[in-house]
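Engineer: What follows is data.pdb, made up of PDB, N, CA and C atoms:
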ATOM      1  N   MET A   1      38.095 -37.992  81.022
ATOM      2  CA  MET A   1      37.108 -36.958  81.234
ATOM      3  C   MET A   1      36.659 -36.356  79.902
ATOM      4  N   ALA A   2      37.588 -36.072  78.997
ATOM      5  CA  ALA A   2      37.249 -35.506  77.692
ATOM      6  C   ALA A   2      36.451 -36.505  76.871
ATOM      7  N   ASP A   3      36.816 -37.802  76.992
ATOM      8  CA  ASP A   3      36.080 -38.837  76.259
ATOM      9  C   ASP A   3      34.637 -38.928  76.743
ATOM     10  N   GLU A   4      34.437 -38.783  78.051
ATOM     11  CA  GLU A   4      33.084 -38.831  78.601
ATOM     12  C   GLU A   4      32.253 -37.670  78.078
ATOM     13  N   LYS A   5      32.856 -36.474  77.986
ATOM     14  CA  LYS A   5      32.144 -35.299  77.486
ATOM     15  C   LYS A   5      31.766 -35.485  76.022
ATOM     16  N   LYS A   6      32.686 -36.024  75.191
ATOM     17  CA  LYS A   6      32.385 -36.288  73.785
ATOM     18  C   LYS A   6      31.252 -37.300  73.653
ATOM     19  N   LEU A   7      31.283 -38.347  74.476
ATOM     20  CA  LEU A   7      30.237 -39.356  74.453
ATOM     21  C   LEU A   7      28.896 -38.739  74.838
ATOM     22  N   GLU A   8      28.919 -37.892  75.872
ATOM     23  CA  GLU A   8      27.693 -37.241  76.322
ATOM     24  C   GLU A   8      27.140 -36.340  75.219
ATOM     25  N   GLU A   9      27.999 -35.561  74.550
ATOM     26  CA  GLU A   9      27.561 -34.675  73.476
ATOM     27  C   GLU A   9      27.025 -35.467  72.290
ATOM     28  N   SER A  10      27.658 -36.591  71.966
ATOM     29  CA  SER A  10      27.222 -37.351  70.800
ATOM     30  C   SER A  10      25.898 -38.061  71.044
ATOM     31  N   THR A  11      25.564 -38.349  72.293
ATOM     32  CA  THR A  11      24.301 -39.028  72.589
ATOM     33  C   THR A  11      23.195 -38.059  72.980
ATOM     34  N   ASN A  12      23.534 -36.824  73.231
ATOM     35  CA  ASN A  12      22.535 -35.824  73.596
ATOM     36  C   ASN A  12      21.848 -35.329  72.325
ATOM     37  N   PRO A  13      20.536 -35.542  72.172
ATOM     38  CA  PRO A  13      19.853 -35.123  70.947
ATOM     39  C   PRO A  13      19.850 -33.611  70.758
ATOM     40  N   LEU A  14      19.970 -32.838  71.820
ATOM     41  CA  LEU A  14      19.985 -31.387  71.698
ATOM     42  C   LEU A  14      21.332 -30.841  71.239
ATOM     43  N   SER A  15      22.349 -31.675  71.238
ATOM     44  CA  SER A  15      23.662 -31.186  70.824
ATOM     45  C   SER A  15      23.678 -30.803  69.347
ATOM     46  N   VAL A  16      22.750 -31.342  68.556
ATOM     47  CA  VAL A  16      22.693 -30.970  67.137
ATOM     48  C   VAL A  16      22.211 -29.542  66.952
ATOM     49  N   LEU A  17      21.612 -28.953  67.990
ATOM     50  CA  LEU A  17      21.155 -27.574  67.897
ATOM     51  C   LEU A  17      22.270 -26.571  68.163
ATOM     52  N   ASN A  18      23.416 -27.047  68.588
ATOM     53  CA  ASN A  18      24.553 -26.181  68.843
ATOM     54  C   ASN A  18      25.138 -25.747  67.496
ATOM     55  N   PRO A  19      25.055 -24.437  67.149
ATOM     56  CA  PRO A  19      25.527 -23.977  65.844
ATOM     57  C   PRO A  19      27.008 -24.256  65.584
ATOM     58  N   LYS A  20      27.806 -24.383  66.632
ATOM     59  CA  LYS A  20      29.237 -24.639  66.447
ATOM     60  C   LYS A  20      29.489 -26.032  65.889
ATOM     61  N   ARG A  21      28.557 -26.957  66.124
ATOM     62  CA  ARG A  21      28.767 -28.343  65.721
ATOM     63  C   ARG A  21      28.130 -28.659  64.363
ATOM     64  N   LEU A  22      27.406 -27.708  63.781
ATOM     65  CA  LEU A  22      26.673 -27.990  62.561
ATOM     66  C   LEU A  22      27.489 -27.704  61.309
ATOM     67  N   THR A  23      27.315 -28.537  60.307
ATOM     68  CA  THR A  23      27.916 -28.250  59.012
ATOM     69  C   THR A  23      27.047 -27.214  58.311
ATOM     70  N   LYS A  24      27.527 -26.686  57.217
ATOM     71  CA  LYS A  24      26.771 -25.675  56.477
ATOM     72  C   LYS A  24      25.429 -26.239  56.003
ATOM     73  N   GLU A  25      25.441 -27.461  55.498
ATOM     74  CA  GLU A  25      24.205 -28.078  55.012
ATOM     75  C   GLU A  25      23.216 -28.304  56.156
ATOM     76  N   ALA A  26      23.729 -28.712  57.294
ATOM     77  CA  ALA A  26      22.861 -28.952  58.448
ATOM     78  C   ALA A  26      22.250 -27.645  58.940
ATOM     79  N   ARG A  27      23.032 -26.566  58.927
ATOM     80  CA  ARG A  27      22.502 -25.256  59.337
ATOM     81  C   ARG A  27      21.420 -24.790  58.378
ATOM     82  N   GLU A  28      21.648 -25.012  57.069
ATOM     83  CA  GLU A  28      20.639 -24.625  56.073
ATOM     84  C   GLU A  28      19.360 -25.425  56.273
ATOM     85  N   LEU A  29      19.501 -26.717  56.543
ATOM     86  CA  LEU A  29      18.340 -27.561  56.799
ATOM     87  C   LEU A  29      17.611 -27.091  58.056
ATOM     88  N   GLN A  30      18.369 -26.800  59.100
ATOM     89  CA  GLN A  30      17.778 -26.324  60.346
ATOM     90  C   GLN A  30      17.008 -25.027  60.104
ATOM     91  N   LEU A  31      17.589 -24.118  59.332
ATOM     92  CA  LEU A  31      16.933 -22.851  59.021
ATOM     93  C   LEU A  31      15.650 -23.088  58.225
ATOM     94  N   GLU A  32      15.692 -23.982  57.265
ATOM     95  CA  GLU A  32      14.494 -24.279  56.467
ATOM     96  C   GLU A  32      13.392 -24.895  57.319
ATOM     97  N   VAL A  33      13.760 -25.762  58.243
ATOM     98  CA  VAL A  33      12.761 -26.367  59.135
ATOM     99  C   VAL A  33      12.118 -25.289  60.003
ATOM    100  N   ILE A  34      12.930 -24.390  60.541
ATOM    101  CA  ILE A  34      12.395 -23.296  61.373
ATOM    102  C   ILE A  34      11.495 -22.393  60.534
ATOM    103  N   LYS A  35      11.905 -22.070  59.311
ATOM    104  CA  LYS A  35      11.066 -21.244  58.429
ATOM    105  C   LYS A  35       9.728 -21.927  58.165
ATOM    106  N   GLN A  36       9.767 -23.226  57.900
ATOM    107  CA  GLN A  36       8.535 -23.969  57.633
ATOM    108  C   GLN A  36       7.635 -23.999  58.870
ATOM    109  N   MET A  37       8.237 -24.195  60.031
ATOM    110  CA  MET A  37       7.448 -24.202  61.265
ATOM    111  C   MET A  37       6.803 -22.835  61.501
ATOM    112  N   LEU A  38       7.547 -21.768  61.220
ATOM    113  CA  LEU A  38       7.008 -20.422  61.365
ATOM    114  C   LEU A  38       5.849 -20.202  60.404
ATOM    115  N   THR A  39       6.003 -20.650  59.170
ATOM    116  CA  THR A  39       4.934 -20.518  58.179
ATOM    117  C   THR A  39       3.688 -21.279  58.621
ATOM    118  N   LEU A  40       3.870 -22.504  59.104
ATOM    119  CA  LEU A  40       2.730 -23.311  59.545
ATOM    120  C   LEU A  40       2.041 -22.681  60.757
ATOM    121  N   ALA A  41       2.825 -22.191  61.711
ATOM    122  CA  ALA A  41       2.242 -21.566  62.903
ATOM    123  C   ALA A  41       1.486 -20.301  62.522
ATOM    124  N   THR A  42       2.070 -19.491  61.648
ATOM    125  CA  THR A  42       1.421 -18.263  61.203
ATOM    126  C   THR A  42       0.124 -18.583  60.467
ATOM    127  N   SER A  43       0.170 -19.587  59.615
ATOM    128  CA  SER A  43      -1.035 -19.981  58.885
ATOM    129  C   SER A  43      -2.118 -20.474  59.828
ATOM    130  N   GLY A  44      -1.731 -21.256  60.816
ATOM    131  CA  GLY A  44      -2.700 -21.763  61.788
ATOM    132  C   GLY A  44      -3.365 -20.643  62.570
ATOM    133  N   PHE A  45      -2.562 -19.709  63.065
ATOM    134  CA  PHE A  45      -3.134 -18.587  63.799
ATOM    135  C   PHE A  45      -3.955 -17.690  62.874
ATOM    136  N   GLY A  46      -3.538 -17.570  61.620
ATOM    137  CA  GLY A  46      -4.316 -16.803  60.648
ATOM    138  C   GLY A  46      -5.678 -17.425  60.424
ATOM    139  N   LEU A  47      -5.728 -18.745  60.346
ATOM    140  CA  LEU A  47      -7.003 -19.429  60.173
ATOM    141  C   LEU A  47      -7.910 -19.204  61.379
ATOM    142  N   VAL A  48      -7.362 -19.288  62.568
ATOM    143  CA  VAL A  48      -8.154 -19.059  63.779
ATOM    144  C   VAL A  48      -8.703 -17.629  63.791
ATOM    145  N   ALA A  49      -7.863 -16.672  63.420
ATOM    146  CA  ALA A  49      -8.313 -15.275  63.376
ATOM    147  C   ALA A  49      -9.405 -15.097  62.315
ATOM    148  N   ALA A  50      -9.229 -15.734  61.155
ATOM    149  CA  ALA A  50     -10.234 -15.632  60.093
ATOM    150  C   ALA A  50     -11.568 -16.232  60.547
ATOM    151  N   LEU A  51     -11.520 -17.342  61.248
ATOM    152  CA  LEU A  51     -12.760 -17.947  61.747
ATOM    153  C   LEU A  51     -13.445 -17.052  62.779
ATOM    154  N   ALA A  52     -12.649 -16.386  63.603
ATOM    155  CA  ALA A  52     -13.224 -15.466  64.593
ATOM    156  C   ALA A  52     -13.901 -14.287  63.893
ATOM    157  N   TRP A  53     -13.232 -13.725  62.875
ATOM    158  CA  TRP A  53     -13.828 -12.631  62.110
ATOM    159  C   TRP A  53     -15.081 -13.107  61.381
ATOM    160  N   ASN A  54     -15.043 -14.329  60.883
ATOM    161  CA  ASN A  54     -16.194 -14.914  60.201
ATOM    162  C   ASN A  54     -17.418 -14.914  61.116
ATOM    163  N   GLU A  55     -17.224 -15.368  62.342
ATOM    164  CA  GLU A  55     -18.330 -15.405  63.299
ATOM    165  C   GLU A  55     -18.811 -13.994  63.648
ATOM    166  N   MET A  56     -17.875 -13.065  63.781
ATOM    167  CA  MET A  56     -18.247 -11.689  64.119
ATOM    168  C   MET A  56     -19.086 -11.069  62.995
ATOM    169  N   ILE A  57     -18.686 -11.281  61.761
ATOM    170  CA  ILE A  57     -19.428 -10.712  60.630
ATOM    171  C   ILE A  57     -20.806 -11.362  60.528
ATOM    172  N   LYS A  58     -20.872 -12.675  60.725
ATOM    173  CA  LYS A  58     -22.169 -13.356  60.694
ATOM    174  C   LYS A  58     -23.118 -12.776  61.743
ATOM    175  N   GLU A  59     -22.632 -12.618  62.955
ATOM    176  CA  GLU A  59     -23.468 -12.078  64.031
ATOM    177  C   GLU A  59     -23.903 -10.645  63.738
ATOM    178  N   THR A  60     -22.999  -9.850  63.162
ATOM    179  CA  THR A  60     -23.332  -8.473  62.809
ATOM    180  C   THR A  60     -24.470  -8.443  61.797
ATOM    181  N   VAL A  61     -24.406  -9.311  60.784
ATOM    182  CA  VAL A  61     -25.474  -9.376  59.781
ATOM    183  C   VAL A  61     -26.778  -9.806  60.441
ATOM    184  N   VAL A  62     -26.722 -10.830  61.291
ATOM    185  CA  VAL A  62     -27.941 -11.337  61.943
ATOM    186  C   VAL A  62     -28.561 -10.280  62.856
ATOM    187  N   ILE A  63     -27.738  -9.577  63.624
ATOM    188  CA  ILE A  63     -28.262  -8.637  64.620
ATOM    189  C   ILE A  63     -28.682  -7.302  64.002
ATOM    190  N   TYR A  64     -27.858  -6.756  63.099
ATOM    191  CA  TYR A  64     -28.094  -5.388  62.638
ATOM    192  C   TYR A  64     -28.733  -5.274  61.256
ATOM    193  N   ILE A  65     -28.632  -6.293  60.430
ATOM    194  CA  ILE A  65     -29.148  -6.175  59.064
ATOM    195  C   ILE A  65     -30.389  -7.041  58.852
ATOM    196  N   LYS A  66     -30.367  -8.265  59.321
ATOM    197  CA  LYS A  66     -31.478  -9.190  59.086
ATOM    198  C   LYS A  66     -32.830  -8.672  59.597
ATOM    199  N   PRO A  67     -32.894  -7.957  60.731
ATOM    200  CA  PRO A  67     -34.199  -7.453  61.179
ATOM    201  C   PRO A  67     -34.872  -6.505  60.177
ATOM    202  N   TYR A  68     -34.097  -5.862  59.322
ATOM    203  CA  TYR A  68     -34.668  -4.925  58.348
ATOM    204  C   TYR A  68     -35.087  -5.611  57.048
ATOM    205  N   LEU A  69     -34.785  -6.888  56.926
ATOM    206  CA  LEU A  69     -35.139  -7.631  55.721
ATOM    207  C   LEU A  69     -36.426  -8.415  55.966
ATOM    208  N   PRO A  70     -37.170  -8.693  54.886
ATOM    209  CA  PRO A  70     -38.406  -9.474  55.074
ATOM    210  C   PRO A  70     -38.111 -10.885  55.576
ATOM    211  N   GLN A  71     -39.115 -11.487  56.199
ATOM    212  CA  GLN A  71     -38.993 -12.850  56.735
ATOM    213  C   GLN A  71     -38.638 -13.825  55.609
ATOM    214  N   GLY A  72     -37.745 -14.755  55.901
ATOM    215  CA  GLY A  72     -37.368 -15.771  54.913
ATOM    216  C   GLY A  72     -36.378 -15.272  53.886
ATOM    217  N   SER A  73     -35.642 -14.225  54.194
ATOM    218  CA  SER A  73     -34.677 -13.669  53.238
ATOM    219  C   SER A  73     -33.265 -14.152  53.546
ATOM    220  N   GLY A  74     -33.124 -15.452  53.737
ATOM    221  CA  GLY A  74     -31.824 -16.029  54.058
ATOM    222  C   GLY A  74     -30.796 -15.815  52.967
ATOM    223  N   VAL A  75     -31.224 -15.860  51.708
ATOM    224  CA  VAL A  75     -30.305 -15.670  50.580
ATOM    225  C   VAL A  75     -29.765 -14.243  50.573
ATOM    226  N   VAL A  76     -30.629 -13.286  50.873
ATOM    227  CA  VAL A  76     -30.189 -11.887  50.907
ATOM    228  C   VAL A  76     -29.171 -11.694  52.027
ATOM    229  N   SER A  77     -29.418 -12.298  53.178
ATOM    230  CA  SER A  77     -28.460 -12.202  54.289
ATOM    231  C   SER A  77     -27.114 -12.800  53.903
ATOM    232  N   LEU A  78     -27.151 -13.953  53.239
ATOM    233  CA  LEU A  78     -25.901 -14.582  52.793
ATOM    234  C   LEU A  78     -25.185 -13.717  51.763
ATOM    235  N   LEU A  79     -25.934 -13.084  50.876
ATOM    236  CA  LEU A  79     -25.336 -12.199  49.875
ATOM    237  C   LEU A  79     -24.657 -11.013  50.550
ATOM    238  N   ILE A  80     -25.323 -10.410  51.515
ATOM    239  CA  ILE A  80     -24.740  -9.277  52.245
ATOM    240  C   ILE A  80     -23.473  -9.724  52.973
ATOM    241  N   TYR A  81     -23.543 -10.890  53.596
ATOM    242  CA  TYR A  81     -22.379 -11.439  54.290
ATOM    243  C   TYR A  81     -21.217 -11.654  53.318
ATOM    244  N   ALA A  82     -21.505 -12.262  52.176
ATOM    245  CA  ALA A  82     -20.460 -12.534  51.176
ATOM    246  C   ALA A  82     -19.840 -11.237  50.662
ATOM    247  N   VAL A  83     -20.653 -10.227  50.429
ATOM    248  CA  VAL A  83     -20.134  -8.936  49.957
ATOM    249  C   VAL A  83     -19.241  -8.303  51.018
ATOM    250  N   LEU A  84     -19.676  -8.326  52.283
ATOM    251  CA  LEU A  84     -18.853  -7.760  53.361
ATOM    252  C   LEU A  84     -17.507  -8.470  53.486
ATOM    253  N   VAL A  85     -17.517  -9.794  53.426
ATOM    254  CA  VAL A  85     -16.272 -10.558  53.534
ATOM    255  C   VAL A  85     -15.363 -10.271  52.349
ATOM    256  N   THR A  86     -15.938 -10.170  51.154
ATOM    257  CA  THR A  86     -15.144  -9.883  49.957
ATOM    258  C   THR A  86     -14.504  -8.504  50.038
ATOM    259  N   ILE A  87     -15.269  -7.514  50.462
ATOM    260  CA  ILE A  87     -14.723  -6.159  50.605
ATOM    261  C   ILE A  87     -13.586  -6.142  51.619
ATOM    262  N   LEU A  88     -13.789  -6.810  52.749
ATOM    263  CA  LEU A  88     -12.752  -6.881  53.780
ATOM    264  C   LEU A  88     -11.496  -7.579  53.247
ATOM    265  N   ALA A  89     -11.655  -8.691  52.537
ATOM    266  CA  ALA A  89     -10.513  -9.439  51.997
ATOM    267  C   ALA A  89      -9.741  -8.604  50.984
ATOM    268  N   VAL A  90     -10.458  -7.913  50.095
ATOM    269  CA  VAL A  90      -9.794  -7.078  49.083
ATOM    270  C   VAL A  90      -9.058  -5.926  49.756
ATOM    271  N   PHE A  91      -9.676  -5.290  50.720
ATOM    272  CA  PHE A  91      -9.057  -4.170  51.427
ATOM    273  C   PHE A  91      -7.769  -4.595  52.127
ATOM    274  N   ILE A  92      -7.827  -5.692  52.852
ATOM    275  CA  ILE A  92      -6.651  -6.168  53.587
ATOM    276  C   ILE A  92      -5.550  -6.613  52.627
ATOM    277  N   THR A  93      -5.904  -7.367  51.597
ATOM    278  CA  THR A  93      -4.913  -7.839  50.623
ATOM    279  C   THR A  93      -4.254  -6.670  49.909
ATOM    280  N   PHE A  94      -5.056  -5.686  49.499
ATOM    281  CA  PHE A  94      -4.517  -4.510  48.809
ATOM    282  C   PHE A  94      -3.519  -3.772  49.701
ATOM    283  N   ASN A  95      -3.879  -3.545  50.953
ATOM    284  CA  ASN A  95      -2.994  -2.800  51.853
ATOM    285  C   ASN A  95      -1.729  -3.581  52.201
ATOM    286  N   LEU A  96      -1.848  -4.888  52.406
ATOM    287  CA  LEU A  96      -0.654  -5.688  52.693
ATOM    288  C   LEU A  96       0.287  -5.721  51.486
ATOM    289  N   THR A  97      -0.267  -5.799  50.291
ATOM    290  CA  THR A  97       0.558  -5.774  49.077
ATOM    291  C   THR A  97       1.273  -4.435  48.944
ATOM    292  N   ARG A  98       0.571  -3.350  49.236
ATOM    293  CA  ARG A  98       1.181  -2.020  49.170
ATOM    294  C   ARG A  98       2.319  -1.883  50.188
ATOM    295  N   ILE A  99       2.116  -2.385  51.390
ATOM    296  CA  ILE A  99       3.162  -2.347  52.415
ATOM    297  C   ILE A  99       4.373  -3.163  51.973
ATOM    298  N   LYS A 100       4.128  -4.356  51.438
ATOM    299  CA  LYS A 100       5.224  -5.214  50.970
ATOM    300  C   LYS A 100       6.008  -4.520  49.859
ATOM    301  N   ASN A 101       5.304  -3.905  48.918
ATOM    302  CA  ASN A 101       5.996  -3.216  47.822
ATOM    303  C   ASN A 101       6.828  -2.041  48.323
ATOM    304  N   ASN A 102       6.293  -1.301  49.288
ATOM    305  CA  ASN A 102       7.057  -0.180  49.861
ATOM    306  C   ASN A 102       8.313  -0.674  50.577
ATOM    307  N   LEU A 103       8.195  -1.765  51.302
ATOM    308  CA  LEU A 103       9.364  -2.325  51.992
ATOM    309  C   LEU A 103      10.405  -2.852  51.002
ATOM    310  N   GLU A 104       9.962  -3.442  49.911
ATOM    311  CA  GLU A 104      10.903  -3.934  48.900
ATOM    312  C   GLU A 104      11.635  -2.796  48.215
ATOM    313  N   LYS A 105      10.941  -1.665  47.995
ATOM    314  CA  LYS A 105      11.600  -0.509  47.378
ATOM    315  C   LYS A 105      12.675   0.083  48.279
ATOM    316  N   LYS A 106      12.409   0.092  49.592
ATOM    317  CA  LYS A 106      13.369   0.629  50.557
ATOM    318  C   LYS A 106      14.566  -0.289  50.733
ATOM    319  N   GLY A 107      14.320  -1.600  50.579
ATOM    320  CA  GLY A 107      15.371  -2.582  50.829
ATOM    321  C   GLY A 107      16.226  -2.763  49.642
TER     322      GLY A 107
END
Can the structure from this file be put into structure tokens for me?

Structural biologist:
Amino acid sequence: MADEKKLEESTNPLSVLNPKRLTKEARELQLEVIKQMLTLATSGFGLVAALAWNEMIKETVVIYIKPYLPQGSGVVSLLIYAVLVTILAVFITFNLTRIKNNLEKKG
């Protein structure tokens, strides 16, 4: 009976996820893989969110700003869009950096 259980555990691919059976190196590798997966998932969702904001800003420029500009002023619309995106990026980056620095000081 014990031999059957050992055989079952050794052939079960999920048994490697059992922390009791892992060596230190295997646990470190497992942790690094999970960290990498988290980074990739976060980056993917960040890209989707950025694309959604991109579309929202474009529509805002087209609906609320472009009507006040002369006909054929596509370059001006793009410039306004680029300035808005740059301001938003700087604002968010600045605040996230400030939060990170405050957390590092506390830790």

Engineer: Give the alpha helix (DSSP H) residues of chain A, as DSSP finds them on the backbone, and put them as a ChimeraX atom specification.

Structural biologist: /A:2-11,24-60,74-106

Engineer: How many Å separate atom CA of A:Ala49 from atom CA of A:Thr86?

Structural biologist: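 Interatomic distance here is 16.0 Å.
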
Engineer: Mind giving me the straight-line distance from atom C of A:Ile57 to atom N of A:Leu78 in Å, one decimal?

Structural biologist: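 Taking atom C of A:Ile57 as the start and atom N of A:Leu78 as the end point, the length is 10.0 Å.
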